[in-house]
Every structure is written in C-alpha cells, then in structure tokens.
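Structure first, then comments.
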Amino acid sequence: MIIIHLFHKHLERQVLYLERQLRALERSFSKYKKVTLFPNGRIVGEKVFVTSGYQGDFISVKQMCSQACGKLASPQDSAENSAVQQIAAVYTKKVFLGINDIQMEGRFRYWNVQVIIYSNWAPREPNNDRGNEDCVEIYPNGFWNDQNCREKRLIVCEF
Ligand code: GLC
Ligand code: CA
C-alpha cells in the first residue's frame with residue numbers, strides 16, 4: 001500500500017512538472033512565432049504565409065517556394081486572402097498566387113490541378129489581356145488580376 005502511495009505521489013509531481021514545462025514552452029513558442037513572422041509573415045489557422053522579399057517571374061517564384069518545401073500562396077477563403085493582401089501591402093508590391101489557367105483558358109486551377117474554390121477578381125477580371133495572361137496576381141488591396149506569367153512579382157509562399 002505504502003509503495004503504491006509513494007508511486008502515486010511521484011507521478012503527481014512528474015505531471016505538475018510537465019504541465020509547468022508545457023506552459024513555459026507555449027509562452028515562448030507564441031512569442032517566437034510573432035518575432036519570426038514580423039513583418040513578413042501571417043498565420044491563418046494552420047497555414048503560414050511568408051515572403052522572402054524577393055521577386056521573380058512565375059516559374060522562379062514557384063521554384064523558390066518548392067525549394068523551401070512550401071507552395072506559392074493560394075488563398076482559399078477571405079481570411080487567407082487578407083493575410084496575403086497584408087503582406088503585399090507591407091511591401092506595396094503585387095504578388096503571384098499559385099493559380100493559373102495554362103492548361104485550359106479561363107479555367108483557373110491550383111498546382112494540384114484542382115479548379116479554384118475561391119476567388120477575389122478585380123472588376124472586369126480575368127480578361128486575358130492581349131490573349132496572354134495565364135497567371136494570377138493579387139494587388140496590395142486584395143483584388144486579383146490575371147497577368148502575364150513572365151512579369152516579375154513578389155514571392156509569397158505558404159507552409
Ligand atoms: C491592366 C488591366 C489588366 C491587365 C494589365 C496588364 O491593369 O486592367 O487586366 O492584366 O493591365 O498589365
Ligand atoms: Ca488581366
């Protein structure tokens with residue numbers, strides 16, 4: 001009986017210790033997130049959007065994200081869109097999204113070829129200007145425009 005009681009006490013102390021450690025870790029992790037995401041990143045749910053500040057054409061920014069084990073930003077609802085918009089606004093630059101209609105004109109898809117489930121087109125877009133706009137940029141005001149993939153835009157990856 002006494003041994004069981006002592007063991008129980010021991011476990012109780014262990015649990016209290018671990019709870020304290022976990023709380024300290026949560027506090028420092030939440031601070032660490034703020035530090036690393038300032039001012040280049042935003043968190044929405046489990047998604048993290050972040051820019052390196054570099055610009056490039058569609059192929060280059062797509063490669064940069066995949067080299068970092070991420071994907072080009074592909075906002076799938078208005079909260080995600082506003083996160084990417086805020087990063088574009090910090091840099092006052094347009095950003096390429098991970099969306100294109102290269103495969104079939106007018107049918108915009110993510111990289112996994114799924115047709116987009118959310119969009120935030122500017123008025124009169126997408127217009128495939130000069131018959132040559134298969135990529136999608138987001139303006140610092142949050143609206144989307146189809147744009148030539150060879151233009152250079154700010155990179156924002158999602159992880
Ligand atoms: C203008 C048009 C837009 C087009 C762009 C090309 O902003 O409104 O549709 O994509 O020019 O640079
Ligand atoms: Ca356009």
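Going by the structure tokens order, chains are called A, B, ..., each with residues numbered from 1, while ligands are numbered from 1 in the order shown.
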How close does chain A get to ligand 2? List, as CSV, each residue of chain A within 12 Å, its nearest atom pair and the distance in Å to one decimal, counting only C-alpha atoms and all ligand atoms.
```
residue,atom,partner,partner_atom_place_in_ligand_line,distance
A:Gly106,CA,ligand 2,1 (Ca),11.4
A:Trp121,CA,ligand 2,1 (Ca),9.4
A:Ala122,CA,ligand 2,1 (Ca),8.9
A:Pro123,CA,ligand 2,1 (Ca),10.0
A:Arg124,CA,ligand 2,1 (Ca),8.2
A:Glu125,CA,ligand 2,1 (Ca),5.6
A:Pro126,CA,ligand 2,1 (Ca),5.1
A:Asn127,CA,ligand 2,1 (Ca),4.8
A:Asn128,CA,ligand 2,1 (Ca),5.3
A:Asp129,CA,ligand 2,1 (Ca),5.3
A:Arg130,CA,ligand 2,1 (Ca),9.0
A:Gly131,CA,ligand 2,1 (Ca),9.5
A:Asn132,CA,ligand 2,1 (Ca),9.0
A:Glu133,CA,ligand 2,1 (Ca),6.4
A:Asp134,CA,ligand 2,1 (Ca),8.9
A:Cys135,CA,ligand 2,1 (Ca),9.0
A:Val136,CA,ligand 2,1 (Ca),8.2
A:Glu137,CA,ligand 2,1 (Ca),8.9
A:Ile138,CA,ligand 2,1 (Ca),10.9
A:Tyr139,CA,ligand 2,1 (Ca),11.7
A:Phe143,CA,ligand 2,1 (Ca),11.3
A:Trp144,CA,ligand 2,1 (Ca),8.5
A:Asn145,CA,ligand 2,1 (Ca),4.8
A:Asp146,CA,ligand 2,1 (Ca),4.1
A:Gln147,CA,ligand 2,1 (Ca),5.1
A:Asn148,CA,ligand 2,1 (Ca),8.1
A:Cys149,CA,ligand 2,1 (Ca),11.2
```
Write out the residues from the selection above, keeping C-alpha atoms, as a JSON list (two decimals), in the first residue's frame.
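File produced: selection.json:
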```json
[["chain", "number", "residue", "atom", "x", "y", "z"],
["A", 106, "GLY", "CA", -10.46, 30.59, -68.40],
["A", 121, "TRP", "CA", -11.22, 39.04, -59.00],
["A", 122, "ALA", "CA", -11.00, 42.80, -59.51],
["A", 123, "PRO", "CA", -13.86, 44.25, -61.59],
["A", 124, "ARG", "CA", -13.67, 43.11, -65.26],
["A", 125, "GLU", "CA", -11.03, 40.45, -64.46],
["A", 126, "PRO", "CA", -9.92, 37.92, -65.55],
["A", 127, "ASN", "CA", -9.71, 39.46, -69.05],
["A", 128, "ASN", "CA", -6.78, 37.54, -70.58],
["A", 129, "ASP", "CA", -5.38, 40.86, -71.81],
["A", 130, "ARG", "CA", -3.55, 40.50, -75.19],
["A", 131, "GLY", "CA", -4.51, 36.83, -75.08],
["A", 132, "ASN", "CA", -1.51, 36.20, -72.86],
["A", 133, "GLU", "CA", -2.46, 36.19, -69.15],
["A", 134, "ASP", "CA", -2.40, 32.72, -67.59],
["A", 135, "CYS", "CA", -1.07, 33.63, -64.13],
["A", 136, "VAL", "CA", -2.79, 35.42, -61.24],
["A", 137, "GLU", "CA", -1.51, 38.33, -59.18],
["A", 138, "ILE", "CA", -3.02, 39.85, -56.05],
["A", 139, "TYR", "CA", -2.88, 43.63, -55.63],
["A", 143, "PHE", "CA", -8.16, 42.02, -55.52],
["A", 144, "TRP", "CA", -6.93, 39.56, -58.16],
["A", 145, "ASN", "CA", -5.89, 40.12, -61.77],
["A", 146, "ASP", "CA", -4.87, 37.59, -64.41],
["A", 147, "GLN", "CA", -1.40, 38.59, -65.54],
["A", 148, "ASN", "CA", 1.39, 37.51, -67.89],
["A", 149, "CYS", "CA", 3.47, 34.76, -66.19]]
```
Quick one, how far is atom CA of A:Ile43 from atom CA of A:Arg150?
-> 28.8 Å
Please run DSSP on the backbone and report, as a list of chain:residue names, all residues within stretch 60-143 of chain A that come out as strand (DSSP E or B).
->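 Assigned to strand (DSSP E or B), within stretch 60-143 of chain A: A:Lys71, A:Leu72, A:Val95, A:Phe96, A:Leu97, A:Gly98, A:Ile99, A:Asn100, A:Arg109, A:Tyr110, A:Val115, A:Trp121, A:Cys135, A:Val136, A:Glu137, A:Ile138.
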Which is closer to A:Gln63 than all the others in A:Glu105, A:Leu37, A:Gln76, A:Gly98, using only C-alpha atoms?
->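 Of A:Glu105, A:Leu37, A:Gln76, A:Gly98, the one nearest A:Gln63, counting only C-alpha atoms, is A:Gly98.
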Would you please work out which residue, of A:Val61, A:Val44, A:Ala89, A:Leu97, is nearest to A:Ala73 when using only C-alpha atoms?
->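 Nearest candidate to A:Ala73 out of A:Val61, A:Val44, A:Ala89, A:Leu97: A:Leu97.
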If you count only C-alpha atoms and all ligand atoms, the residue of A:Arg107, A:Arg20, A:His5, A:Lys94 closest to ligand 1 turns out to be A:Lys94
